[in-house]
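Visitor: Below you will find the structure I want to go over with you.
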Amino acid sequence: MNDALRAGVSARLELHIAAKQYVAASGARHEVLREIVLSLGEGEVAAILGPSGCGKTTLLRIVAGLDTDFDGSVTLAGKGRSHPPKMGMVFQEPRLLPWRTVEQNLLLAAPGASAAAIDRLLADFGLSSHARHFPGELSLGLARRVALARAFAVEPDILLLDEPFASLDARLAGSLRHELAKLVSRNRATTLLVTHDVDDATELADRIFLLSQRPARIIGIVPIETPRSLRSPERLAAIGRDVIARGVGPER
Amino acid sequence: MNDALRAGVSARLELHIAAKQYVAASGARHEVLREIVLSLGEGEVAAILGPSGCGKTTLLRIVAGLDTDFDGSVTLAGKGRSHPPKMGMVFQEPRLLPWRTVEQNLLLAAPGASAAAIDRLLADFGLSSHARHFPGELSLGLARRVALARAFAVEPDILLLDEPFASLDARLAGSLRHELAKLVSRNRATTLLVTHDVDDATELADRIFLLSQRPARIIGIVPIETPRSLRSPERLAAIGRDVIARGVGPER
Amino acid sequence: MLRLASLALFLVIWLVGTFALGERKLPGPPAVAATIVAEARSGALFANVGITLVRVVLAFVLAMAIGSALGLLMGRNRVADRLGDPWLVVLLNLPALVIIVLAYVWLGLTEVAAVAAVAVNKLPNTIVTVREGARALDRGLDEMGRVFAFSRWKKLRHIVLPQLAPYLAAAMRLGVSLIWKIVLVVELIGRPNGVGFEIGTAFQLFDMPRILAYSCTFVLIMLAIETLLVQPLERRASRWRLRTA
Amino acid sequence: MLRLASLALFLVIWLVGTFALGERKLPGPPAVAATIVAEARSGALFANVGITLVRVVLAFVLAMAIGSALGLLMGRNRVADRLGDPWLVVLLNLPALVIIVLAYVWLGLTEVAAVAAVAVNKLPNTIVTVREGARALDRGLDEMGRVFAFSRWKKLRHIVLPQLAPYLAAAMRLGVSLIWKIVLVVELIGRPNGVGFEIGTAFQLFDMPRILAYSCTFVLIMLAIETLLVQPLERRASRWRLRTA
Amino acid sequence: QAADTIRLAILKTGTFAWELAVMRAHGLDQAAGLDIQSTELATPEAVEVALNAGAADVIVSDWLWVSRARQLGDKLVFYPYSSALGAVMVPQDSSIRTLADLKGKKLAVAGGPLDKSWLLLRGAAKLEGLDLASQASIAYGAPALLAEKTLQGEMDATLNFWNFCAALEAKGMRRLVGIDDLLPKLGIKGRPALLGYIFREDWAQAHPRLVDRFIEATRQAKERLASSDEEWQRVAPLLGANDPATLAIFRTRYRQGIPRRPIAQEEEDAQALFSILANLGGKALVGDATELAPGTFYKPAS
Ligand SMILES: Nc1ncnc2c1ncn2[C@@H]1O[C@H](COP(=O)(O)OP(=O)(O)OP(=O)(O)O)[C@@H](O)[C@H]1O
Ligand SMILES: Nc1ncnc2c1ncn2[C@@H]1O[C@H](COP(=O)(O)OP(=O)(O)OP(=O)(O)O)[C@@H](O)[C@H]1O
Ligand SMILES: [Mg+2]
Ligand SMILES: [Mg+2]
């Protein structure tokens with residue numbers, strides 16, 4: 001299904017990073033990304049797996065347009081002709097406005113959302129009783145859920161997720177994974193999902209990109225042709241083993 | 001082995017929380033913890049599992065003496081007669097001093113540590129090349145590792161860990177789990193480990209405490225009698241299934 | 001309650017001081033209060049305090065508005081900072097007297113000159129404080145605003161201003177007090193009315209009770225504004241901050 | 001470079017202003033420079049600037065040390081805040097003149113009185129600024145320090161002071177400038193030397209070039225201190241902050 | 001025999017500073033057995049603060065101030081120093097010819113609403129049916145600033161202190177009327193000295209000979225200043241001018257201001273003047289007093 005739709009649709013995200021360097025406070029330069037080429041169509045989900053500190057967040061920041069100091073280019077196209085595309089992002093830390101309540105945080109990011117939509121979203125994320133709390137009164141897991149809900153609230157065309165399910169218990173993570181799948185197919189959002197969890201990747205992604213140690217290069221691409229809804233636990237386990245075998249899994 | 005040592009040693013941590021309430025900015029009160037009784041001996045590791053937002057961090061803060069506004073009591077005893085006991089803690093966020101380098105952050109927390117010890121620790125955590133970086137120049141995973149290394153650096157008698165392996169890739173998490181096991185047996189540190197990862201719990205804990213939804217109560221205690229070094233993958237999987245069956249696992 | 005008690009203590013210490021030093025060296029609260037009443041009866045108090053307050057408010061609004069904008073700009077933009085910095089140092093360290101005299105010489109002995117001189121004296125202080133705040137702005141939240149396509153105004157209102165709040169609070173508190181100090185000099189040198197003018201005249205006669213009467217009236221007004229306006233507002237604005245144990 | 005260019009621009013505008021308004025209304029840079037040279041030749045410049053600087057430094061150190069300590073206390077402790085607050089408002093809003101005159105009358109026309117008067121005038125400003133900083137302190141880092149058993153001093157130096165740095169920077173910049181403004185009044189009213197005395201005397205004779213000469217000398221000193229001392233230090237202290245793109 | 005110490009606080013730009021310079025140049029102080037230690041201050045108020053703070057034995061100010069202090073229990077005394085009073089200055093080509101012409105004009109008044117010269121000017125104008133305070137537009141301000149403003153033409157006229165008037169006169173402005181010229185109209189016979197040396201009564205009693213020697217020494221200095229152009233060259237830097245024409249004007253005005261009448265006469269005029277001023281200035285000026293406080297004038301033993 002995904003495949004069928006993807007065909008004939010112009011690419012939504014074209015990324016080419018020839019090189020990305022950071023200059024540390026000490027003045028030292030180090031390279032973080034090298035030759036990353038990536039092209040995603042409308043509604044396609046790419047998972048990015050790589051060792052801690054390799055450059056995944058940097059990659060997302062470049063896609064989001066937050067870091068323009070690199071060699072290469074990013075092109076984002078909006079839905080239909082709408083430009084710029086609506087973007088939703090979950091940062092690695094919640095990045096909520098501490099002086100606004102949970103509800104206000106959502107509404108500020110998604111001014112177009114109806115009160116009913118916000119309420120439904122809060123309910124889906126188990127946040128109903130926290131709508132009027134300030135972020136400082138939330139646990140980290142709750143705050144991360146708010147950040148995820150915020151990205152959902154904007155009904156994005158482009159969705160950038162940096163470990164969206166970290167700090168959540170397994171049951172909750174599973175349910176939110178489900179919500180994410182629903183959103184992506186509803187909105188046909190082009191999604192980049194950074195994660196350390198192989199299950200996240202196998203359940204959600206259309207393609208999995210494996211990154212090397214710093215400077216990160218793409219060392220493998222695992223395409224998953226089976227549509228998300230049809231993936232069986234056995235199929236997922238098999239893909240997971242494949243991914244782990246390629247060198248980013250839990251075994252030494 | 002753990003069992004043998006535990007016998008005849010006076011308890012190192014006695015915790016009794018009759019109730020813990022928060023007052024929100026809006027003035028509303030809500031109860032977070034109720035009737036938590038917990039007693040850990042020297043060198044014992046307790047894992048705490050519970051749904052997101054149930055009160056785990058609150059529990060750790062009370063043990064650390066950071067929150068004294070609760071009904072109940074905490075007693076910590078130092079190694080031998082040393083009082084107060086040396087404490088090491090990994091907060092849920094890194095909480096590094098942004099204006100000090102990685103190395104300085106470790107040395108400030110553990111002024112007694114030798115340069116060689118710090119270097120070894122940094123190497124173990126894959127941080128050698130970041131010793132002179134400021135926290136702002138680290139990825140979240142790197143920062144969390146620094147926070148973990150800091151807790152290790154003090155050679156603590158009491159170790160409080162709030163999801164220490166979140167945001168790390170599986171391979172790294174495995175290796176750091178191993179380091180933690182080494183530290184605990186070397187220092188005989190009494191350890192409270194909050195985690196969402198059943199593997200963390202089964203691999204490291206002597207007892208697993210399962211918490212309910214807010215207000216959190218203890219709804220199950222899973223003791224693991226097998227010494228850490230002798231636990232087989234099969235044994236762990238069995239315990240994991242048990243834990244999941246009791247209602248905190250990944251399935252719905 | 002604590003504040004009231006503390007204020008009462010202040011009055012007691014003042015009384016004791018008067019007892020010890022004598023009315024001539026430190027007129028006591030009763031003498032000062034009597035003078036306040038007498039000045040109020042004659043209407044002079046209201047006229048003078050009123051006109052001074054108008055000048056204070058005008059200069060305050062001017063200096064805060066322009067100063068905050070410039071401070072924000074200089075804190076966030078390196079080029080603006082480098083360009084503006086020497087001017088800032090100059091303005092900051094020019095004696096108030098020089099600015100006042102120049103203003104009067106250029107703009108005439110007018111109300112405009114008086115208010116302008118005061119505002120210009122306060123301006124660099126606002127800039128310096130707000131600039132520090134702007135430099136300390138959280139980059140993460142800024143990025144969040146960009147990703148979620150916050151408009152300029154939304155960013156300012158919901159991301160920037162809340163972070164600047166403590167700096168603005170400091171700038172405003174200091175602002176009122178500095179402006180008030182300078183208004184006095186401005187009135188002393190070239191205005192025919194106002195509290196500063198009255199204090200200057202009283203000073204020529206070494207009429208301490210009258211000096212203190214006018215000073216205390218203003219202090220009382222500021223105490224009232226603090227208690228009834230500023231602190232409730234501040235409490236509201238910082239509700240999100242957790243009460244430290 | 002930008003700073004130098006900006007300074008040059010300032011001089012040009014000044015020159016043009018002089019051209020437009022005439023030397024009488026705005027003495028030009030050459031006239032002022034000539035006066036500076038003449039005053040320097042006679043030695044008066046160094047003597048006056050020197051003594052004023054000594055007073056500035058003494059009052060600055062006093063006010064910053066006491067003010068920072070009190071500000072920190074009031075920012076972190078509610079009771080101290082409630083107790084100190086009214087005194088703060090009083091001190092903040094007492095006219096400089098009143099404090100100065102009282103200091104002179106009580107302590108005599110002495111150096112001690114002069115420096116004390118200046119320090120007391122600056123004190124509340126430091127308190128207000130530092131208090132805001134203390135209120136905004138990160139609770140997470142504080143807890144970290146407690147868990148890892150940081151000593152009082154270690155906490156202060158490594159946790160608290162770096163967070164207060166921007167507030168202290170603002171307090172210090174404003175401090176020097178406020179102190180300098182008040183030293184002028186203090187010298188005007190009761191010291192037989194110093195820049196304020198000279199400017200006061202020059203004002204009596206409406207000798208604008210001399211007023212500007214002394215003002216500019218101090219401004220130049222402050223510019224030098226900013227460029228050679230403060231800004232390099234500041235750059236060092238904020239190395240950890242990421243350069244914003 | 002060692003010289004007796006006497007501490008003065010003087011206005012650096014004031015006339016007392018000139019006198020002192022002459023005194024020192026000719027060793028008049030040593031001759032009188034005086035060791036004069038002077039503190040130069042920048043504003044008139046500073047000088048008063050100095051006496052109040054106990055940092056000076058003798059200053060120069062007016063008898064109103066002394067009377068008021070005595071009223072409040074501070075036993076100060078006054079000895080005449082100068083009868084020079086301010087004047088109203090107008091531009092040379094001004095259409096203002098008489099006091100009455102000030103009506104509706106912009107008048108700059110140095111020293112504020114309680115300035116003695118200003119009160120006297122108002123009193124005199126009132127006799128002609130003109131209420132200057134309401135019928136002219138008044139700008140109060142610092143004397144130097146007002147002098148400058150009048151030169152610039154922003155003000156039609158200025159009432160200023162005599163030394164500023166002398167400077168304005170030297171710059172070509174016209175003297176409309178001197179305040180001392182108005183005194184007869186107000187019923188004052190002579191030219192009373194408003195300014196005087198001021199010191200504490202108990203201090204004077206403790207050093208009776210010292211005060212008299214000091215007064216004598218200053219009198220000699222005054223005579224020299226009054227009679228010699230050379231002396232004016234000496235003090236030229238102190239008054240910020242050095243061309244002979246300006247100095248000549250200063251000298252003339254200064255000489256007119258030297259008090260030469262017996263104390264009793266001064267006191268009598270002062271009492272008369274007091275009630276006039278009290279009338280015009282009201283409570284703000286004189287407090288609760290209705291007449292010059294007794295003992296205001298110092299009477300030398302000899
Ligand atoms: N300062 C506070 N004021 C009010 N409520 C608070 C405060 N801190 C925490 N809470 C609430 O208490 C509950 C427990 O918080 P806690 O941080 O202990 O959860 P947690 O179990 O650690 O969750 P997580 O797994 O997400 O980290 C949450 O519902 C949170 O909203
Ligand atoms: N501002 C910066 N200055 C210098 N180095 C930086 C900066 N930001 C990131 N780095 C470095 O770049 C590398 C990649 O960082 P990035 O945050 O992209 O890693 P990541 O893959 O997201 O890691 P994690 O899984 O831990 O989140 C890290 O080694 C980090 O130390
Ligand atoms: Mg990352
Ligand atoms: Mg938690």
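Note on naming: chains are A, B, ... as they come in the structure tokens, residues start from 1 per chain, ligands start from 1 in the order shown.
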Can you tell me which residues sit at most 9 Å away from ligand 3, counting only C-alpha atoms and all ligand atoms, written as a list of chain:residue names?
Guide: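 The residues within 9 Å of ligand 3, counting only C-alpha atoms and all ligand atoms, are A:Ser52, A:Gly53, A:Cys54, A:Gly55, A:Lys56, A:Thr57, A:Thr58, A:Leu60, A:Phe91, A:Gln92, A:Asp162, A:Glu163, A:Val194, A:Thr195, B:Leu138, B:Ser139, B:Leu140, B:Gly141, B:Leu142, B:Ser167.
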Visitor: Would you save the residues of that selection, restricted to N, CA and C atoms, as a PDB file, in the first residue's frame?
Guide:
ATOM      1  N   SER A  52      25.248   5.817  20.056  1.00  0.00           N
ATOM      2  CA  SER A  52      25.093   7.056  20.804  1.00  0.00           C
ATOM      3  C   SER A  52      26.200   8.043  20.433  1.00  0.00           C
ATOM      4  N   GLY A  53      25.797   9.260  20.135  1.00  0.00           N
ATOM      5  CA  GLY A  53      26.780  10.303  19.856  1.00  0.00           C
ATOM      6  C   GLY A  53      27.288  10.296  18.430  1.00  0.00           C
ATOM      7  N   CYS A  54      26.638   9.553  17.534  1.00  0.00           N
ATOM      8  CA  CYS A  54      27.193   9.466  16.182  1.00  0.00           C
ATOM      9  C   CYS A  54      26.797  10.655  15.326  1.00  0.00           C
ATOM     10  N   GLY A  55      25.658  11.248  15.613  1.00  0.00           N
ATOM     11  CA  GLY A  55      25.286  12.410  14.807  1.00  0.00           C
ATOM     12  C   GLY A  55      23.834  12.405  14.374  1.00  0.00           C
ATOM     13  N   LYS A  56      23.009  11.615  14.998  1.00  0.00           N
ATOM     14  CA  LYS A  56      21.606  11.496  14.599  1.00  0.00           C
ATOM     15  C   LYS A  56      20.850  12.795  14.839  1.00  0.00           C
ATOM     16  N   THR A  57      21.038  13.352  16.030  1.00  0.00           N
ATOM     17  CA  THR A  57      20.350  14.600  16.340  1.00  0.00           C
ATOM     18  C   THR A  57      20.809  15.709  15.401  1.00  0.00           C
ATOM     19  N   THR A  58      22.085  15.718  15.122  1.00  0.00           N
ATOM     20  CA  THR A  58      22.621  16.711  14.194  1.00  0.00           C
ATOM     21  C   THR A  58      21.921  16.597  12.847  1.00  0.00           C
ATOM     22  N   LEU A  60      18.903  15.430  12.223  1.00  0.00           N
ATOM     23  CA  LEU A  60      17.539  15.957  12.323  1.00  0.00           C
ATOM     24  C   LEU A  60      17.532  17.477  12.328  1.00  0.00           C
ATOM     25  N   PHE A  91      11.908  16.901  19.993  1.00  0.00           N
ATOM     26  CA  PHE A  91      13.331  17.003  20.295  1.00  0.00           C
ATOM     27  C   PHE A  91      13.716  15.915  21.280  1.00  0.00           C
ATOM     28  N   GLN A  92      15.029  15.751  21.449  1.00  0.00           N
ATOM     29  CA  GLN A  92      15.451  14.680  22.345  1.00  0.00           C
ATOM     30  C   GLN A  92      15.092  15.013  23.799  1.00  0.00           C
ATOM     31  N   ASP A 162      12.978  12.502  17.540  1.00  0.00           N
ATOM     32  CA  ASP A 162      14.271  12.132  18.110  1.00  0.00           C
ATOM     33  C   ASP A 162      14.008  11.297  19.362  1.00  0.00           C
ATOM     34  N   GLU A 163      14.034  10.019  19.218  1.00  0.00           N
ATOM     35  CA  GLU A 163      13.758   9.096  20.322  1.00  0.00           C
ATOM     36  C   GLU A 163      12.454   9.434  21.030  1.00  0.00           C
ATOM     37  N   VAL A 194      14.362   8.887  14.734  1.00  0.00           N
ATOM     38  CA  VAL A 194      15.638   8.484  15.330  1.00  0.00           C
ATOM     39  C   VAL A 194      15.326   7.645  16.551  1.00  0.00           C
ATOM     40  N   THR A 195      15.948   6.493  16.655  1.00  0.00           N
ATOM     41  CA  THR A 195      15.648   5.647  17.808  1.00  0.00           C
ATOM     42  C   THR A 195      16.816   4.727  18.125  1.00  0.00           C
TER      43      THR A 195
ATOM     44  N   LEU B 138      27.815  18.082  23.882  1.00  0.00           N
ATOM     45  CA  LEU B 138      27.616  16.632  23.873  1.00  0.00           C
ATOM     46  C   LEU B 138      26.241  16.289  23.333  1.00  0.00           C
ATOM     47  N   SER B 139      26.113  15.100  22.786  1.00  0.00           N
ATOM     48  CA  SER B 139      24.781  14.600  22.465  1.00  0.00           C
ATOM     49  C   SER B 139      24.138  14.157  23.784  1.00  0.00           C
ATOM     50  N   LEU B 140      22.835  13.982  23.775  1.00  0.00           N
ATOM     51  CA  LEU B 140      22.169  13.621  25.030  1.00  0.00           C
ATOM     52  C   LEU B 140      22.718  12.307  25.574  1.00  0.00           C
ATOM     53  N   GLY B 141      22.931  11.358  24.668  1.00  0.00           N
ATOM     54  CA  GLY B 141      23.457  10.071  25.110  1.00  0.00           C
ATOM     55  C   GLY B 141      24.817  10.228  25.781  1.00  0.00           C
ATOM     56  N   LEU B 142      25.662  11.060  25.208  1.00  0.00           N
ATOM     57  CA  LEU B 142      26.973  11.311  25.804  1.00  0.00           C
ATOM     58  C   LEU B 142      26.809  11.956  27.176  1.00  0.00           C
ATOM     59  N   SER B 167      18.350   6.470  26.282  1.00  0.00           N
ATOM     60  CA  SER B 167      19.047   7.223  25.233  1.00  0.00           C
ATOM     61  C   SER B 167      20.412   6.664  24.881  1.00  0.00           C
TER      62      SER B 167
END
Visitor: If you count only C-alpha atoms, which residues fall within 8 Å of segment 150-158 of chain A, apart from same-chain ones fewer than 4 positions away, as a list in words?
Guide: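 What passes the distance filter is Gly78, Lys79, Pro85, Lys86, Met87, Gly88, Met89, Val90, Asn105, Leu106, Ala109, Ala110, Gly112, Ala113, Ala117, Ile118, Leu121, Val146, Leu183, Asn187, Arg188, Ala189, Thr190 and Thr191 of chain A.
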Visitor: Mind dumping the selected residues with C-alpha atoms as a PDB file, in the first residue's frame?
Guide:
ATOM      1  CA  GLY A  78       4.932  20.695   1.140  1.00  0.00           C
ATOM      2  CA  LYS A  79       1.791  18.692   0.661  1.00  0.00           C
ATOM      3  CA  PRO A  85       5.423  22.252   4.667  1.00  0.00           C
ATOM      4  CA  LYS A  86       4.022  22.079   8.169  1.00  0.00           C
ATOM      5  CA  MET A  87       6.632  20.582  10.428  1.00  0.00           C
ATOM      6  CA  GLY A  88       6.251  18.672  13.671  1.00  0.00           C
ATOM      7  CA  MET A  89       9.273  17.742  15.736  1.00  0.00           C
ATOM      8  CA  VAL A  90      10.012  15.900  18.938  1.00  0.00           C
ATOM      9  CA  ASN A 105       1.967  24.461  25.010  1.00  0.00           C
ATOM     10  CA  LEU A 106      -0.055  22.432  22.565  1.00  0.00           C
ATOM     11  CA  ALA A 109       2.363  25.108  18.558  1.00  0.00           C
ATOM     12  CA  ALA A 110      -0.928  24.280  16.844  1.00  0.00           C
ATOM     13  CA  GLY A 112      -5.346  25.901  14.336  1.00  0.00           C
ATOM     14  CA  ALA A 113      -6.263  22.888  16.451  1.00  0.00           C
ATOM     15  CA  ALA A 117      -8.899  17.881  18.972  1.00  0.00           C
ATOM     16  CA  ILE A 118      -6.551  18.936  21.760  1.00  0.00           C
ATOM     17  CA  LEU A 121      -4.973  14.157  21.853  1.00  0.00           C
ATOM     18  CA  VAL A 146       3.451  16.302  25.879  1.00  0.00           C
ATOM     19  CA  LEU A 183      -1.116   9.733  12.299  1.00  0.00           C
ATOM     20  CA  ASN A 187      -1.666  12.740   7.270  1.00  0.00           C
ATOM     21  CA  ARG A 188       0.717  10.998   4.920  1.00  0.00           C
ATOM     22  CA  ALA A 189       3.460  12.679   6.912  1.00  0.00           C
ATOM     23  CA  THR A 190       6.986  12.124   5.759  1.00  0.00           C
ATOM     24  CA  THR A 191       8.726  10.935   8.883  1.00  0.00           C
TER      25      THR A 191
END
Visitor: Skip Leu204 of chain A itself and residues of its chain fewer than 5 positions away, then list as a PyMOL selection string all residues within 10 Å of it, counting only C-alpha atoms.
Guide: chain A and resi 44-47+177-178+180-181+184+191+193+199+224+227-229+231
Visitor: Within 12 Å of Gln231 of chain C, counting only C-alpha atoms, which residues show up once you throw out same-chain ones fewer than 3 positions away? Write them as a list in words, please.
Guide: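 Close residues of Gln231 of chain C: Ala169, Arg173, Met222, Leu223, Ala224, Ile225, Glu226, Thr227, Leu228, Glu234, Arg235, Arg236, Ala237 and Ser238 of chain C; Arg82, Asp85 and Pro86 of chain D.
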Visitor: I need the residues from that last selection saved to file as a compact mmCIF listing (two decimals), in the first residue's frame (with all heavy atoms), if you can.
Guide:
# COMPACT_ATOMS: atom_id res chain seq x y z
N ALA C 169 12.32 42.69 35.31
CA ALA C 169 11.93 43.07 36.67
C ALA C 169 13.03 43.88 37.33
O ALA C 169 12.79 44.93 37.93
CB ALA C 169 11.62 41.82 37.49
N ARG C 173 12.63 47.83 38.42
CA ARG C 173 12.82 48.30 39.79
C ARG C 173 13.93 49.34 39.85
O ARG C 173 13.78 50.41 40.42
CB ARG C 173 13.23 47.13 40.68
CG ARG C 173 12.11 46.28 41.11
CD ARG C 173 12.15 46.01 42.61
NE ARG C 173 10.93 45.32 42.96
CZ ARG C 173 10.70 44.04 42.62
NH1 ARG C 173 11.63 43.34 42.00
NH2 ARG C 173 9.57 43.48 42.93
N MET C 222 6.09 54.54 46.37
CA MET C 222 6.74 53.38 45.77
C MET C 222 6.44 52.11 46.57
O MET C 222 6.24 51.04 45.99
CB MET C 222 8.25 53.59 45.68
CG MET C 222 8.68 54.61 44.66
SD MET C 222 7.80 54.48 43.09
CE MET C 222 8.27 52.83 42.60
N LEU C 223 6.40 52.23 47.88
CA LEU C 223 6.05 51.07 48.71
C LEU C 223 4.65 50.58 48.36
O LEU C 223 4.41 49.38 48.22
CB LEU C 223 6.10 51.44 50.19
CG LEU C 223 7.42 51.19 50.92
CD1 LEU C 223 7.35 51.73 52.34
CD2 LEU C 223 7.75 49.71 50.94
N ALA C 224 3.75 51.53 48.18
CA ALA C 224 2.38 51.16 47.85
C ALA C 224 2.33 50.47 46.49
O ALA C 224 1.71 49.42 46.33
CB ALA C 224 1.49 52.39 47.86
N ILE C 225 3.03 51.04 45.51
CA ILE C 225 3.03 50.43 44.17
C ILE C 225 3.61 49.03 44.24
O ILE C 225 3.08 48.08 43.66
CB ILE C 225 3.82 51.31 43.19
CG1 ILE C 225 3.08 52.63 42.97
CG2 ILE C 225 4.02 50.59 41.87
CD1 ILE C 225 3.77 53.56 41.99
N GLU C 226 4.71 48.88 44.97
CA GLU C 226 5.33 47.55 45.13
C GLU C 226 4.31 46.55 45.69
O GLU C 226 4.13 45.46 45.16
CB GLU C 226 6.50 47.64 46.12
CG GLU C 226 7.84 47.86 45.50
CD GLU C 226 8.43 46.59 44.91
OE1 GLU C 226 8.23 45.50 45.48
OE2 GLU C 226 9.10 46.68 43.88
N THR C 227 3.68 46.96 46.78
CA THR C 227 2.83 46.02 47.51
C THR C 227 1.56 45.70 46.74
O THR C 227 1.12 44.56 46.70
CB THR C 227 2.46 46.63 48.88
OG1 THR C 227 3.66 47.12 49.48
CG2 THR C 227 1.84 45.58 49.77
N LEU C 228 0.97 46.74 46.15
CA LEU C 228 -0.34 46.54 45.56
C LEU C 228 -0.29 46.15 44.10
O LEU C 228 -1.22 45.54 43.58
CB LEU C 228 -1.18 47.82 45.73
CG LEU C 228 -1.33 48.27 47.18
CD1 LEU C 228 -2.09 49.58 47.25
CD2 LEU C 228 -2.02 47.20 48.00
N GLU C 234 4.07 40.00 39.96
CA GLU C 234 5.25 39.15 39.93
C GLU C 234 4.90 37.73 40.38
O GLU C 234 5.35 36.76 39.79
CB GLU C 234 6.30 39.74 40.87
CG GLU C 234 7.68 39.64 40.33
CD GLU C 234 8.64 40.49 41.16
OE1 GLU C 234 8.49 40.53 42.40
OE2 GLU C 234 9.51 41.10 40.57
N ARG C 235 4.08 37.65 41.41
CA ARG C 235 3.68 36.33 41.89
C ARG C 235 2.94 35.58 40.80
O ARG C 235 3.16 34.40 40.57
CB ARG C 235 2.80 36.48 43.12
CG ARG C 235 3.54 36.22 44.43
CD ARG C 235 2.60 35.93 45.58
NE ARG C 235 1.70 37.04 45.85
CZ ARG C 235 2.04 38.13 46.51
NH1 ARG C 235 3.26 38.27 46.98
NH2 ARG C 235 1.18 39.10 46.73
N ARG C 236 2.04 36.30 40.09
CA ARG C 236 1.31 35.66 39.02
C ARG C 236 2.25 35.18 37.92
O ARG C 236 2.13 34.06 37.43
CB ARG C 236 0.33 36.67 38.41
CG ARG C 236 -1.13 36.32 38.61
CD ARG C 236 -1.99 37.14 37.67
NE ARG C 236 -2.05 36.54 36.36
CZ ARG C 236 -2.81 35.50 36.06
NH1 ARG C 236 -3.59 34.98 36.96
NH2 ARG C 236 -2.81 35.00 34.85
N ALA C 237 3.19 36.07 37.57
CA ALA C 237 4.05 35.76 36.43
C ALA C 237 5.01 34.60 36.74
O ALA C 237 5.50 33.94 35.84
CB ALA C 237 4.85 36.99 36.02
N SER C 238 5.27 34.35 38.01
CA SER C 238 6.24 33.29 38.30
C SER C 238 5.57 32.11 38.98
O SER C 238 6.20 31.33 39.67
CB SER C 238 7.38 33.84 39.17
OG SER C 238 6.86 34.30 40.38
N ARG D 82 11.04 38.81 52.68
CA ARG D 82 9.94 39.59 53.24
C ARG D 82 10.45 40.65 54.20
O ARG D 82 9.99 41.78 54.21
CB ARG D 82 8.94 38.67 53.98
CG ARG D 82 8.37 37.55 53.14
CD ARG D 82 7.06 37.93 52.53
NE ARG D 82 7.29 38.59 51.28
CZ ARG D 82 6.35 39.20 50.58
NH1 ARG D 82 5.13 39.26 51.02
NH2 ARG D 82 6.63 39.79 49.44
N ASP D 85 12.62 43.34 52.19
CA ASP D 85 12.02 44.03 51.06
C ASP D 85 11.65 45.50 51.31
O ASP D 85 12.02 46.37 50.52
CB ASP D 85 10.82 43.24 50.55
CG ASP D 85 10.34 43.74 49.22
OD1 ASP D 85 11.11 43.60 48.26
OD2 ASP D 85 9.24 44.30 49.15
N PRO D 86 10.96 45.79 52.42
CA PRO D 86 10.59 47.21 52.60
C PRO D 86 11.82 48.11 52.74
O PRO D 86 11.85 49.22 52.22
CB PRO D 86 9.79 47.20 53.91
CG PRO D 86 9.44 45.78 54.17
CD PRO D 86 10.44 44.94 53.48
Visitor: Using only C-alpha atoms and all ligand atoms, can you tell me which of A:Lys182, A:Arg241, A:Arg217, A:Arg132 comes closest to ligand 2?
Guide: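 Smallest separation from ligand 2 among the options: A:Arg217.
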Visitor: Please identify all residues of chain B having at least one atom at most 9 Å from any atom of chain C, considering only C-alpha atoms, and return them as a list in words.
Guide: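 In the required form, that comes to Ala24, Ala25, Ser26, Leu66, Asp67, Thr68 and Asp69 of chain B.
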Visitor: Excluding Ala21 of chain E and its own-chain neighbours fewer than 3 positions away, which residues fall within 9 Å of it when counting only C-alpha atoms? Please give them as a list in words.
Guide: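 Counting only C-alpha atoms, the residues come to Phe16, Ala17, Trp18, Arg24, Ala25, His26, Ala221, Arg234 and Val235 of chain E.
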